[in-house]
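S.K.: I'd like to ask some things about the structure below.
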Amino acid sequence: MRPWQMAIGLGQIGEFSFVLASIVLGRALIPASLYSAVLVAVVLTIAISTTLVKLGHRPAPAPVATSG
């Protein structure tokens, strides 16, 4: 794995944030609007980071043979 792929993976908010936000919402410590914002951020960061990391797994093009 390339360092930038790891950085992208670590940059996502992740499922754990969703679980924490659900618990905090259940205890009425945050408003529903903030919970919705966390949920949107979780979904977007997971989708974007997964896509970007997969783009990095494309095989490198074969070297072009030169005559000589």
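Letters A, B, ... mark the chains of the structure tokens in the order given; residue numbers begin at 1 per chain; ligand numbers begin at 1, in order shown.
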Can you pull out the residues contacting Ile13 of chain A? Cut-off 7 Å, using only C-alpha atoms, and skip same-chain residues under 3 positions away; I want them as a tab-separated table (two decimals) with C-alpha atoms, in the first residue's frame.
M.R.:
chain	number	residue	atom	x	y	z
A	17	SER	CA	-18.14	7.71	14.60
A	42	VAL	CA	-19.57	9.09	7.44
A	45	THR	CA	-15.93	9.83	3.52
S.K.: Show which residues sit within 9 Å of segment 30-37 of chain A, as number ranges by chain. Count only C-alpha atoms, and ignore same-chain residues fewer than 6 positions away.
M.R.: A: 18, 21-22, 24
S.K.: Leaving out Thr50 of chain A and any residue of its chain fewer than 5 positions from it, which residues lie within 9 Å of it when counting only C-alpha atoms, given as a compact mmCIF listing (two decimals) with all heavy atoms, in the first residue's frame?
M.R.:
# COMPACT_ATOMS: atom_id res chain seq x y z
N ILE A 8 -5.50 8.34 2.89
CA ILE A 8 -6.90 8.45 2.49
C ILE A 8 -7.77 7.57 3.38
O ILE A 8 -8.82 7.98 3.86
CB ILE A 8 -7.09 8.07 1.01
CG1 ILE A 8 -6.46 9.14 0.12
CG2 ILE A 8 -8.56 7.88 0.66
CD1 ILE A 8 -6.35 8.74 -1.34
N GLY A 9 -7.31 6.35 3.63
CA GLY A 9 -8.06 5.43 4.48
C GLY A 9 -8.22 5.96 5.90
O GLY A 9 -9.27 5.83 6.52
N THR A 45 -17.36 10.12 3.38
CA THR A 45 -15.93 9.83 3.52
C THR A 45 -15.63 8.37 3.23
O THR A 45 -14.58 8.04 2.68
CB THR A 45 -15.39 10.23 4.90
OG1 THR A 45 -16.11 9.54 5.93
CG2 THR A 45 -15.48 11.73 5.12
N LEU A 55 -8.67 3.29 -6.91
CA LEU A 55 -8.02 3.87 -8.08
C LEU A 55 -6.51 3.65 -8.02
O LEU A 55 -5.86 3.50 -9.04
CB LEU A 55 -8.33 5.36 -8.19
CG LEU A 55 -9.74 5.73 -8.61
CD1 LEU A 55 -9.93 7.24 -8.55
CD2 LEU A 55 -10.06 5.21 -9.99
S.K.: Running DSSP on the backbone, which parts of chain A land in helix (DSSP H, G or I), as a CSV table (one decimal) with N, CA, C and O atoms, in the first residue's frame?
M.R.:
chain,number,residue,atom,x,y,z
A,3,PRO,N,1.8,5.2,0.7
A,3,PRO,CA,1.5,6.1,1.8
A,3,PRO,C,0.2,7.0,1.6
A,3,PRO,O,-0.5,7.2,2.6
A,4,TRP,N,0.0,7.4,0.4
A,4,TRP,CA,-1.2,8.3,0.2
A,4,TRP,C,-2.5,7.5,0.3
A,4,TRP,O,-3.5,8.0,0.7
A,5,GLN,N,-2.4,6.2,0.0
A,5,GLN,CA,-3.6,5.3,0.1
A,5,GLN,C,-3.9,5.2,1.6
A,5,GLN,O,-5.1,5.2,2.0
A,6,MET,N,-2.9,5.0,2.4
A,6,MET,CA,-3.1,4.9,3.8
A,6,MET,C,-3.7,6.2,4.4
A,6,MET,O,-4.6,6.1,5.2
A,7,ALA,N,-3.1,7.3,3.9
A,7,ALA,CA,-3.6,8.6,4.4
A,7,ALA,C,-5.1,8.8,4.1
A,7,ALA,O,-5.9,9.3,4.9
A,8,ILE,N,-5.5,8.3,2.9
A,8,ILE,CA,-6.9,8.4,2.5
A,8,ILE,C,-7.8,7.6,3.4
A,8,ILE,O,-8.8,8.0,3.9
A,9,GLY,N,-7.3,6.3,3.6
A,9,GLY,CA,-8.1,5.4,4.5
A,9,GLY,C,-8.2,6.0,5.9
A,9,GLY,O,-9.3,5.8,6.5
A,10,LEU,N,-7.2,6.6,6.4
A,10,LEU,CA,-7.2,7.1,7.8
A,10,LEU,C,-8.1,8.4,7.8
A,10,LEU,O,-8.5,8.8,8.9
A,11,GLY,N,-8.2,9.1,6.7
A,11,GLY,CA,-9.0,10.3,6.6
A,11,GLY,C,-10.5,10.2,6.7
A,11,GLY,O,-11.2,11.1,7.0
A,15,GLU,N,-17.2,4.0,10.6
A,15,GLU,CA,-18.4,3.5,11.2
A,15,GLU,C,-18.4,3.7,12.7
A,15,GLU,O,-19.4,3.9,13.3
A,16,PHE,N,-17.2,3.8,13.3
A,16,PHE,CA,-17.2,4.0,14.8
A,16,PHE,C,-17.8,5.4,15.2
A,16,PHE,O,-18.5,5.5,16.2
A,17,SER,N,-17.5,6.4,14.3
A,17,SER,CA,-18.1,7.7,14.6
A,17,SER,C,-19.7,7.6,14.5
A,17,SER,O,-20.4,8.3,15.3
A,18,PHE,N,-20.2,6.8,13.6
A,18,PHE,CA,-21.6,6.6,13.5
A,18,PHE,C,-22.2,6.0,14.8
A,18,PHE,O,-23.2,6.4,15.3
A,19,VAL,N,-21.5,5.0,15.3
A,19,VAL,CA,-21.9,4.3,16.5
A,19,VAL,C,-21.9,5.3,17.6
A,19,VAL,O,-22.9,5.4,18.4
A,20,LEU,N,-20.8,6.1,17.8
A,20,LEU,CA,-20.8,7.1,18.9
A,20,LEU,C,-21.9,8.1,18.7
A,20,LEU,O,-22.5,8.5,19.7
A,21,ALA,N,-22.1,8.6,17.5
A,21,ALA,CA,-23.1,9.6,17.3
A,21,ALA,C,-24.5,9.0,17.7
A,21,ALA,O,-25.4,9.7,18.2
A,22,SER,N,-24.7,7.8,17.3
A,22,SER,CA,-26.0,7.1,17.7
A,22,SER,C,-26.2,7.0,19.2
A,22,SER,O,-27.3,7.3,19.6
A,23,ILE,N,-25.2,6.7,19.9
A,23,ILE,CA,-25.3,6.6,21.4
A,23,ILE,C,-25.6,8.0,21.9
A,23,ILE,O,-26.4,8.1,22.8
A,24,VAL,N,-24.8,9.0,21.5
A,24,VAL,CA,-25.0,10.3,22.0
A,24,VAL,C,-26.4,10.9,21.7
A,24,VAL,O,-27.0,11.6,22.5
A,25,LEU,N,-26.9,10.6,20.5
A,25,LEU,CA,-28.2,11.0,20.1
A,25,LEU,C,-29.2,10.3,21.0
A,25,LEU,O,-30.2,11.0,21.4
A,26,GLY,N,-29.0,9.1,21.2
A,26,GLY,CA,-30.0,8.3,22.1
A,26,GLY,C,-30.1,8.9,23.5
A,26,GLY,O,-31.1,8.7,24.2
A,32,ALA,N,-30.8,16.2,16.5
A,32,ALA,CA,-30.9,15.3,15.4
A,32,ALA,C,-30.2,15.9,14.1
A,32,ALA,O,-29.7,15.1,13.3
A,33,SER,N,-30.2,17.2,14.0
A,33,SER,CA,-29.5,17.8,12.8
A,33,SER,C,-28.0,17.5,12.9
A,33,SER,O,-27.4,17.3,11.8
A,34,LEU,N,-27.4,17.5,14.0
A,34,LEU,CA,-26.0,17.2,14.1
A,34,LEU,C,-25.7,15.7,13.8
A,34,LEU,O,-24.8,15.4,13.1
A,35,TYR,N,-26.6,14.9,14.3
A,35,TYR,CA,-26.5,13.5,14.0
A,35,TYR,C,-26.6,13.2,12.5
A,35,TYR,O,-25.9,12.4,11.9
A,36,SER,N,-27.5,13.9,11.8
A,36,SER,CA,-27.7,13.8,10.4
A,36,SER,C,-26.4,14.2,9.7
A,36,SER,O,-26.0,13.6,8.7
A,37,ALA,N,-25.8,15.3,10.1
A,37,ALA,CA,-24.6,15.8,9.5
A,37,ALA,C,-23.4,14.7,9.7
A,37,ALA,O,-22.7,14.5,8.8
A,38,VAL,N,-23.4,14.1,10.9
A,38,VAL,CA,-22.4,13.1,11.1
A,38,VAL,C,-22.6,11.9,10.2
A,38,VAL,O,-21.7,11.4,9.6
A,39,LEU,N,-23.8,11.5,10.0
A,39,LEU,CA,-24.2,10.4,9.2
A,39,LEU,C,-23.8,10.7,7.7
A,39,LEU,O,-23.2,9.8,7.0
A,40,VAL,N,-24.1,11.9,7.2
A,40,VAL,CA,-23.7,12.2,5.9
A,40,VAL,C,-22.2,12.2,5.7
A,40,VAL,O,-21.7,11.7,4.7
A,41,ALA,N,-21.5,12.8,6.7
A,41,ALA,CA,-20.0,12.8,6.6
A,41,ALA,C,-19.5,11.4,6.6
A,41,ALA,O,-18.5,11.1,5.9
A,42,VAL,N,-20.0,10.5,7.4
A,42,VAL,CA,-19.6,9.1,7.4
A,42,VAL,C,-19.8,8.4,6.1
A,42,VAL,O,-18.8,7.8,5.5
A,43,VAL,N,-20.9,8.6,5.5
A,43,VAL,CA,-21.2,7.9,4.2
A,43,VAL,C,-20.3,8.5,3.1
A,43,VAL,O,-19.7,7.7,2.3
A,44,LEU,N,-20.2,9.8,3.1
A,44,LEU,CA,-19.4,10.4,2.0
A,44,LEU,C,-17.9,10.1,2.2
A,44,LEU,O,-17.3,9.7,1.2
A,45,THR,N,-17.4,10.1,3.4
A,45,THR,CA,-15.9,9.8,3.5
A,45,THR,C,-15.6,8.4,3.2
A,45,THR,O,-14.6,8.0,2.7
A,46,ILE,N,-16.5,7.5,3.6
A,46,ILE,CA,-16.3,6.1,3.3
A,46,ILE,C,-16.4,5.8,1.8
A,46,ILE,O,-15.5,5.2,1.2
A,47,ALA,N,-17.3,6.4,1.1
A,47,ALA,CA,-17.5,6.2,-0.3
A,47,ALA,C,-16.3,6.9,-1.1
A,47,ALA,O,-15.7,6.2,-2.0
A,48,ILE,N,-15.9,8.1,-0.7
A,48,ILE,CA,-14.8,8.7,-1.4
A,48,ILE,C,-13.5,8.0,-1.2
A,48,ILE,O,-12.7,7.8,-2.1
A,49,SER,N,-13.2,7.7,0.1
A,49,SER,CA,-11.9,7.1,0.4
A,49,SER,C,-11.8,5.7,-0.3
A,49,SER,O,-10.8,5.3,-0.8
A,50,THR,N,-12.9,4.9,-0.3
A,50,THR,CA,-12.9,3.6,-0.9
A,50,THR,C,-12.6,3.7,-2.4
A,50,THR,O,-11.8,3.0,-3.0
A,51,THR,N,-13.2,4.7,-3.0
A,51,THR,CA,-13.0,4.9,-4.5
A,51,THR,C,-11.6,5.4,-4.8
A,51,THR,O,-11.0,4.8,-5.7
A,52,LEU,N,-11.1,6.3,-4.0
A,52,LEU,CA,-9.7,6.8,-4.2
A,52,LEU,C,-8.7,5.7,-4.0
A,52,LEU,O,-7.7,5.6,-4.7
A,53,VAL,N,-8.9,4.9,-3.0
A,53,VAL,CA,-7.9,3.8,-2.7
A,53,VAL,C,-7.9,2.8,-3.8
A,53,VAL,O,-6.9,2.3,-4.3
A,54,LYS,N,-9.1,2.4,-4.3
A,54,LYS,CA,-9.3,1.5,-5.4
A,54,LYS,C,-8.6,2.0,-6.7
A,54,LYS,O,-8.0,1.2,-7.4
A,55,LEU,N,-8.7,3.3,-6.9
A,55,LEU,CA,-8.0,3.9,-8.1
A,55,LEU,C,-6.5,3.6,-8.0
A,55,LEU,O,-5.9,3.5,-9.0
